[in-house]
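Engineer: Provided herewith: entry.cif, mmCIF, N, CA and C atoms; chains and numbers go by the auth columns.
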```cif
data_structure
#
loop_
_atom_site.group_PDB
_atom_site.id
_atom_site.type_symbol
_atom_site.label_atom_id
_atom_site.label_comp_id
_atom_site.label_asym_id
_atom_site.label_seq_id
_atom_site.Cartn_x
_atom_site.Cartn_y
_atom_site.Cartn_z
_atom_site.B_iso_or_equiv
_atom_site.auth_seq_id
_atom_site.auth_asym_id
ATOM 1 N N MET A 1 6.134 9.315 0.991 0.00 862 A
ATOM 2 C CA MET A 1 6.079 8.486 -0.210 0.00 862 A
ATOM 3 C C MET A 1 6.312 9.385 -1.415 0.00 862 A
ATOM 4 N N SER A 2 7.188 8.950 -2.276 0.00 863 A
ATOM 5 C CA SER A 2 7.429 9.737 -3.488 0.00 863 A
ATOM 6 C C SER A 2 6.969 8.934 -4.702 0.00 863 A
ATOM 7 N N PHE A 3 6.330 9.643 -5.614 0.00 864 A
ATOM 8 C CA PHE A 3 5.788 9.010 -6.815 0.00 864 A
ATOM 9 C C PHE A 3 6.786 9.085 -7.947 0.00 864 A
ATOM 10 N N ASP A 4 6.770 8.078 -8.785 0.00 865 A
ATOM 11 C CA ASP A 4 7.534 8.083 -10.024 0.00 865 A
ATOM 12 C C ASP A 4 6.695 8.859 -11.046 0.00 865 A
ATOM 13 N N LYS A 5 7.097 10.092 -11.312 0.00 866 A
ATOM 14 C CA LYS A 5 6.311 10.971 -12.188 0.00 866 A
ATOM 15 C C LYS A 5 6.171 10.412 -13.593 0.00 866 A
ATOM 16 N N ASP A 6 7.178 9.710 -14.070 0.00 867 A
ATOM 17 C CA ASP A 6 7.095 9.113 -15.408 0.00 867 A
ATOM 18 C C ASP A 6 6.017 8.039 -15.459 0.00 867 A
ATOM 19 N N LYS A 7 5.913 7.256 -14.400 0.00 868 A
ATOM 20 C CA LYS A 7 4.893 6.202 -14.349 0.00 868 A
ATOM 21 C C LYS A 7 3.494 6.819 -14.261 0.00 868 A
ATOM 22 N N VAL A 8 3.338 7.884 -13.472 0.00 869 A
ATOM 23 C CA VAL A 8 2.057 8.590 -13.394 0.00 869 A
ATOM 24 C C VAL A 8 1.670 9.087 -14.782 0.00 869 A
ATOM 25 N N GLU A 9 2.612 9.699 -15.473 0.00 870 A
ATOM 26 C CA GLU A 9 2.356 10.236 -16.815 0.00 870 A
ATOM 27 C C GLU A 9 1.994 9.122 -17.796 0.00 870 A
ATOM 28 N N GLU A 10 2.662 7.987 -17.673 0.00 871 A
ATOM 29 C CA GLU A 10 2.380 6.842 -18.545 0.00 871 A
ATOM 30 C C GLU A 10 0.929 6.375 -18.380 0.00 871 A
ATOM 31 N N PHE A 11 0.488 6.227 -17.148 0.00 872 A
ATOM 32 C CA PHE A 11 -0.886 5.793 -16.906 0.00 872 A
ATOM 33 C C PHE A 11 -1.891 6.870 -17.279 0.00 872 A
ATOM 34 N N TYR A 12 -1.522 8.126 -17.115 0.00 873 A
ATOM 35 C CA TYR A 12 -2.368 9.242 -17.523 0.00 873 A
ATOM 36 C C TYR A 12 -2.636 9.176 -19.027 0.00 873 A
ATOM 37 N N ILE A 13 -1.580 9.021 -19.811 0.00 874 A
ATOM 38 C CA ILE A 13 -1.724 8.956 -21.271 0.00 874 A
ATOM 39 C C ILE A 13 -2.527 7.725 -21.676 0.00 874 A
ATOM 40 N N MET A 14 -2.243 6.579 -21.055 0.00 875 A
ATOM 41 C CA MET A 14 -2.993 5.365 -21.394 0.00 875 A
ATOM 42 C C MET A 14 -4.477 5.529 -21.069 0.00 875 A
ATOM 43 N N ALA A 15 -4.769 6.156 -19.942 0.00 876 A
ATOM 44 C CA ALA A 15 -6.168 6.372 -19.567 0.00 876 A
ATOM 45 C C ALA A 15 -6.841 7.339 -20.530 0.00 876 A
ATOM 46 N N LEU A 16 -6.144 8.397 -20.929 0.00 877 A
ATOM 47 C CA LEU A 16 -6.704 9.325 -21.920 0.00 877 A
ATOM 48 C C LEU A 16 -6.993 8.599 -23.225 0.00 877 A
ATOM 49 N N MET A 17 -6.091 7.715 -23.625 0.00 878 A
ATOM 50 C CA MET A 17 -6.290 6.956 -24.861 0.00 878 A
ATOM 51 C C MET A 17 -7.520 6.065 -24.736 0.00 878 A
ATOM 52 N N ASP A 18 -7.695 5.433 -23.588 0.00 879 A
ATOM 53 C CA ASP A 18 -8.879 4.593 -23.366 0.00 879 A
ATOM 54 C C ASP A 18 -10.158 5.422 -23.460 0.00 879 A
ATOM 55 N N ILE A 19 -10.138 6.592 -22.847 0.00 880 A
ATOM 56 C CA ILE A 19 -11.305 7.474 -22.888 0.00 880 A
ATOM 57 C C ILE A 19 -11.585 7.925 -24.317 0.00 880 A
ATOM 58 N N ALA A 20 -10.539 8.283 -25.041 0.00 881 A
ATOM 59 C CA ALA A 20 -10.704 8.703 -26.433 0.00 881 A
ATOM 60 C C ALA A 20 -11.249 7.562 -27.292 0.00 881 A
ATOM 61 N N ASP A 21 -10.928 6.324 -26.904 0.00 882 A
ATOM 62 C CA ASP A 21 -11.414 5.145 -27.644 0.00 882 A
ATOM 63 C C ASP A 21 -12.808 4.703 -27.209 0.00 882 A
ATOM 64 N N GLY A 22 -13.417 5.445 -26.267 0.00 883 A
ATOM 65 C CA GLY A 22 -14.796 5.154 -25.913 0.00 883 A
ATOM 66 C C GLY A 22 -15.051 4.644 -24.511 0.00 883 A
ATOM 67 N N ALA A 23 -14.010 4.471 -23.707 0.00 884 A
ATOM 68 C CA ALA A 23 -14.231 4.047 -22.325 0.00 884 A
ATOM 69 C C ALA A 23 -14.987 5.146 -21.587 0.00 884 A
ATOM 70 N N THR A 24 -15.932 4.754 -20.757 0.00 885 A
ATOM 71 C CA THR A 24 -16.696 5.726 -19.985 0.00 885 A
ATOM 72 C C THR A 24 -15.962 6.056 -18.689 0.00 885 A
ATOM 73 N N ILE A 25 -16.418 7.114 -18.051 0.00 886 A
ATOM 74 C CA ILE A 25 -15.859 7.472 -16.750 0.00 886 A
ATOM 75 C C ILE A 25 -16.088 6.323 -15.768 0.00 886 A
ATOM 76 N N GLU A 26 -17.249 5.698 -15.851 0.00 887 A
ATOM 77 C CA GLU A 26 -17.546 4.561 -14.965 0.00 887 A
ATOM 78 C C GLU A 26 -16.565 3.413 -15.207 0.00 887 A
ATOM 79 N N ASP A 27 -16.243 3.151 -16.482 0.00 888 A
ATOM 80 C CA ASP A 27 -15.251 2.119 -16.802 0.00 888 A
ATOM 81 C C ASP A 27 -13.915 2.448 -16.145 0.00 888 A
ATOM 82 N N MET A 28 -13.513 3.705 -16.273 0.00 889 A
ATOM 83 C CA MET A 28 -12.223 4.118 -15.746 0.00 889 A
ATOM 84 C C MET A 28 -12.219 4.085 -14.217 0.00 889 A
ATOM 85 N N GLU A 29 -13.339 4.401 -13.602 0.00 890 A
ATOM 86 C CA GLU A 29 -13.426 4.333 -12.145 0.00 890 A
ATOM 87 C C GLU A 29 -13.305 2.893 -11.653 0.00 890 A
ATOM 88 N N GLU A 30 -13.836 1.947 -12.406 0.00 891 A
ATOM 89 C CA GLU A 30 -13.680 0.526 -12.051 0.00 891 A
ATOM 90 C C GLU A 30 -12.219 0.108 -12.143 0.00 891 A
ATOM 91 N N VAL A 31 -11.532 0.566 -13.183 0.00 892 A
ATOM 92 C CA VAL A 31 -10.101 0.277 -13.332 0.00 892 A
ATOM 93 C C VAL A 31 -9.336 0.903 -12.167 0.00 892 A
ATOM 94 N N LEU A 32 -9.700 2.125 -11.821 0.00 893 A
ATOM 95 C CA LEU A 32 -9.059 2.825 -10.710 0.00 893 A
ATOM 96 C C LEU A 32 -9.182 2.022 -9.414 0.00 893 A
ATOM 97 N N ILE A 33 -10.351 1.478 -9.159 0.00 894 A
ATOM 98 C CA ILE A 33 -10.566 0.666 -7.956 0.00 894 A
ATOM 99 C C ILE A 33 -9.642 -0.555 -7.942 0.00 894 A
ATOM 100 N N GLU A 34 -9.479 -1.185 -9.093 0.00 895 A
ATOM 101 C CA GLU A 34 -8.594 -2.359 -9.163 0.00 895 A
ATOM 102 C C GLU A 34 -7.146 -1.980 -8.851 0.00 895 A
ATOM 103 N N TYR A 35 -6.694 -0.844 -9.380 0.00 896 A
ATOM 104 C CA TYR A 35 -5.326 -0.399 -9.090 0.00 896 A
ATOM 105 C C TYR A 35 -5.183 0.013 -7.625 0.00 896 A
ATOM 106 N N GLU A 36 -6.232 0.588 -7.042 0.00 897 A
ATOM 107 C CA GLU A 36 -6.186 0.918 -5.612 0.00 897 A
ATOM 108 C C GLU A 36 -6.039 -0.352 -4.779 0.00 897 A
ATOM 109 N N ARG A 37 -6.795 -1.388 -5.131 0.00 898 A
ATOM 110 C CA ARG A 37 -6.695 -2.668 -4.401 0.00 898 A
ATOM 111 C C ARG A 37 -5.295 -3.249 -4.494 0.00 898 A
ATOM 112 N N ALA A 38 -4.670 -3.057 -5.649 0.00 899 A
ATOM 113 C CA ALA A 38 -3.315 -3.571 -5.857 0.00 899 A
ATOM 114 C C ALA A 38 -2.252 -2.619 -5.297 0.00 899 A
ATOM 115 N N GLU A 39 -2.695 -1.502 -4.724 0.00 900 A
ATOM 116 C CA GLU A 39 -1.807 -0.493 -4.150 0.00 900 A
ATOM 117 C C GLU A 39 -0.801 0.044 -5.165 0.00 900 A
ATOM 118 N N MET A 40 -1.267 0.220 -6.386 0.00 901 A
ATOM 119 C CA MET A 40 -0.442 0.794 -7.458 0.00 901 A
ATOM 120 C C MET A 40 -0.817 2.277 -7.585 0.00 901 A
ATOM 121 N N TYR A 41 -0.219 3.079 -6.695 0.00 902 A
ATOM 122 C CA TYR A 41 -0.672 4.447 -6.522 0.00 902 A
ATOM 123 C C TYR A 41 -0.248 5.391 -7.652 0.00 902 A
ATOM 124 N N GLU A 42 0.848 5.115 -8.318 0.00 903 A
ATOM 125 C CA GLU A 42 1.205 5.929 -9.485 0.00 903 A
ATOM 126 C C GLU A 42 0.159 5.752 -10.581 0.00 903 A
ATOM 127 N N ALA A 43 -0.277 4.510 -10.782 0.00 904 A
ATOM 128 C CA ALA A 43 -1.322 4.233 -11.769 0.00 904 A
ATOM 129 C C ALA A 43 -2.597 4.964 -11.381 0.00 904 A
ATOM 130 N N CYS A 44 -2.954 4.913 -10.100 0.00 905 A
ATOM 131 C CA CYS A 44 -4.160 5.599 -9.628 0.00 905 A
ATOM 132 C C CYS A 44 -4.076 7.097 -9.898 0.00 905 A
ATOM 133 N N ALA A 45 -2.927 7.681 -9.619 0.00 906 A
ATOM 134 C CA ALA A 45 -2.769 9.124 -9.816 0.00 906 A
ATOM 135 C C ALA A 45 -2.946 9.495 -11.284 0.00 906 A
ATOM 136 N N GLY A 46 -2.363 8.711 -12.184 0.00 907 A
ATOM 137 C CA GLY A 46 -2.485 8.989 -13.610 0.00 907 A
ATOM 138 C C GLY A 46 -3.908 8.816 -14.113 0.00 907 A
ATOM 139 N N ILE A 47 -4.553 7.750 -13.694 0.00 908 A
ATOM 140 C CA ILE A 47 -5.932 7.481 -14.123 0.00 908 A
ATOM 141 C C ILE A 47 -6.874 8.543 -13.573 0.00 908 A
ATOM 142 N N LEU A 48 -6.698 8.900 -12.316 0.00 909 A
ATOM 143 C CA LEU A 48 -7.553 9.914 -11.702 0.00 909 A
ATOM 144 C C LEU A 48 -7.386 11.268 -12.406 0.00 909 A
ATOM 145 N N LYS A 49 -6.163 11.611 -12.759 0.00 910 A
ATOM 146 C CA LYS A 49 -5.915 12.853 -13.499 0.00 910 A
ATOM 147 C C LYS A 49 -6.664 12.831 -14.833 0.00 910 A
ATOM 148 N N ALA A 50 -6.603 11.715 -15.533 0.00 911 A
ATOM 149 C CA ALA A 50 -7.296 11.595 -16.822 0.00 911 A
ATOM 150 C C ALA A 50 -8.814 11.676 -16.645 0.00 911 A
ATOM 151 N N ILE A 51 -9.331 11.025 -15.618 0.00 912 A
ATOM 152 C CA ILE A 51 -10.772 11.077 -15.352 0.00 912 A
ATOM 153 C C ILE A 51 -11.200 12.521 -15.105 0.00 912 A
ATOM 154 N N ASN A 52 -10.481 13.206 -14.241 0.00 913 A
ATOM 155 C CA ASN A 52 -10.843 14.575 -13.898 0.00 913 A
ATOM 156 C C ASN A 52 -10.745 15.502 -15.107 0.00 913 A
ATOM 157 N N GLU A 53 -9.697 15.379 -15.883 0.00 914 A
ATOM 158 C CA GLU A 53 -9.543 16.246 -17.044 0.00 914 A
ATOM 159 C C GLU A 53 -10.564 15.933 -18.126 0.00 914 A
ATOM 160 N N SER A 54 -10.937 14.680 -18.267 0.00 915 A
ATOM 161 C CA SER A 54 -11.863 14.305 -19.343 0.00 915 A
ATOM 162 C C SER A 54 -13.247 14.908 -19.129 0.00 915 A
ATOM 163 N N LYS A 55 -13.530 15.314 -17.917 0.00 916 A
ATOM 164 C CA LYS A 55 -14.823 15.949 -17.632 0.00 916 A
ATOM 165 C C LYS A 55 -14.908 17.340 -18.249 0.00 916 A
ATOM 166 N N TYR A 56 -13.755 17.914 -18.612 0.00 917 A
ATOM 167 C CA TYR A 56 -13.718 19.279 -19.109 0.00 917 A
ATOM 168 C C TYR A 56 -13.294 19.385 -20.576 0.00 917 A
ATOM 169 N N TYR A 57 -12.903 18.273 -21.186 0.00 918 A
ATOM 170 C CA TYR A 57 -12.412 18.289 -22.553 0.00 918 A
ATOM 171 C C TYR A 57 -13.277 17.427 -23.458 0.00 918 A
ATOM 172 N N THR A 58 -13.351 17.818 -24.728 0.00 919 A
ATOM 173 C CA THR A 58 -14.011 16.987 -25.735 0.00 919 A
ATOM 174 C C THR A 58 -13.035 15.905 -26.181 0.00 919 A
ATOM 175 N N ILE A 59 -13.546 14.911 -26.890 0.00 920 A
ATOM 176 C CA ILE A 59 -12.670 13.845 -27.411 0.00 920 A
ATOM 177 C C ILE A 59 -11.606 14.448 -28.332 0.00 920 A
ATOM 178 N N LYS A 60 -11.971 15.418 -29.123 0.00 921 A
ATOM 179 C CA LYS A 60 -11.000 16.070 -30.020 0.00 921 A
ATOM 180 C C LYS A 60 -9.879 16.713 -29.208 0.00 921 A
ATOM 181 N N GLU A 61 -10.225 17.374 -28.115 0.00 922 A
ATOM 182 C CA GLU A 61 -9.210 18.003 -27.270 0.00 922 A
ATOM 183 C C GLU A 61 -8.356 16.951 -26.562 0.00 922 A
ATOM 184 N N ILE A 62 -8.970 15.844 -26.162 0.00 923 A
ATOM 185 C CA ILE A 62 -8.205 14.761 -25.531 0.00 923 A
ATOM 186 C C ILE A 62 -7.198 14.191 -26.524 0.00 923 A
ATOM 187 N N ASN A 63 -7.630 13.957 -27.764 0.00 924 A
ATOM 188 C CA ASN A 63 -6.705 13.442 -28.781 0.00 924 A
ATOM 189 C C ASN A 63 -5.560 14.413 -29.023 0.00 924 A
ATOM 190 N N LYS A 64 -5.837 15.698 -28.991 0.00 925 A
ATOM 191 C CA LYS A 64 -4.786 16.697 -29.161 0.00 925 A
ATOM 192 C C LYS A 64 -3.793 16.613 -28.018 0.00 925 A
ATOM 193 N N ARG A 65 -4.288 16.444 -26.778 0.00 926 A
ATOM 194 C CA ARG A 65 -3.399 16.327 -25.620 0.00 926 A
ATOM 195 C C ARG A 65 -2.533 15.066 -25.728 0.00 926 A
ATOM 196 N N ILE A 66 -3.111 13.979 -26.213 0.00 927 A
ATOM 197 C CA ILE A 66 -2.334 12.755 -26.391 0.00 927 A
ATOM 198 C C ILE A 66 -1.219 12.984 -27.407 0.00 927 A
ATOM 199 N N ASP A 67 -1.542 13.631 -28.512 0.00 928 A
ATOM 200 C CA ASP A 67 -0.551 13.887 -29.550 0.00 928 A
ATOM 201 C C ASP A 67 0.568 14.806 -29.064 0.00 928 A
ATOM 202 N N GLU A 68 0.254 15.706 -28.132 0.00 929 A
ATOM 203 C CA GLU A 68 1.266 16.628 -27.592 0.00 929 A
ATOM 204 C C GLU A 68 2.248 15.923 -26.675 0.00 929 A
ATOM 205 N N GLU A 69 1.849 14.827 -26.067 0.00 930 A
ATOM 206 C CA GLU A 69 2.703 14.109 -25.109 0.00 930 A
ATOM 207 C C GLU A 69 3.707 13.301 -25.814 0.00 930 A
#
```
If you took the structure in this file and wrote it as structure tokens, what would it be?
Structural biologist:
Amino acid sequence: MSFDKDKVEEFYIMALMDIADGATIEDMEEVLIEYERAEMYEACAGILKAINESKYYTIKEINKRIDEE
């Protein structure tokens, strides 16, 4: 199976934006479960990347990463 890297990146940025806007990790994990049920694996990969990275970055750093993309 090959992933569409652009789609993964799109969901990654959207998830980072949600986190920067106040979504919790638990909120994002619930969204991740819904995408898993729908078998939308590029979305899952992007959201999971954002969840994992958000554990190590402050909101200010997340906003900087969004602006760089």
Engineer: Expand the PyMOL selection byres ((chain A and resi 870-875) around 6) into the explicit residue set it covers here, and present it as an MDAnalysis selection string.
Structural biologist: chainID A and resid 866:869 876:879 904 907:908 911
Engineer: Considering all atoms listed in the file, state which residue in the set A:Ile886, A:Val892, A:Ile927, A:Ala881 is at the smallest distance from Ile912 of chain A.
Structural biologist: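 Once distances to Ile912 of chain A are computed over all atoms listed in the file, the minimum belongs to A:Ile886.
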Engineer: Output as a VMD selection string all residues of chain A that backbone DSSP marks as helix (DSSP H, G or I).
Structural biologist: chain A and resid 866 to 881 886 to 898 902 to 915 920 to 929
Engineer: I'd like to know which of A:Glu922, A:Glu929, A:Ser915, A:Asp865 is closest to Ile880 of chain A, using only C-alpha atoms.
Structural biologist: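 Once distances to Ile880 of chain A are computed over only C-alpha atoms, the minimum belongs to A:Ser915.
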Engineer: So how many Å separate atom N of Ile920 of chain A and atom C of Glu903 of chain A, to one decimal?
Structural biologist: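 If I compute the distance from atom N of Ile920 of chain A to atom C of Glu903 of chain A, I get 23.2 Å.
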Engineer: For segment 886-895 of chain A, I'd like the enclosing box, axis-aligned and padded by 5 Å on every side, reported as JSON with centre and edge lengths in Å to one decimal.
Structural biologist:
```
{"center_x": -12.3, "center_y": 2.6, "center_z": -13.0, "size_x": 20.4, "size_y": 19.8, "size_z": 20.1}
```
Engineer: If you measure from atom C of Ser863 of chain A to atom CA of Glu900 of chain A, what distance in Å do you get, rounded to one decimal?
Structural biologist: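 About the pair atom C of Ser863 of chain A and atom CA of Glu900 of chain A: they are 12.9 Å apart.
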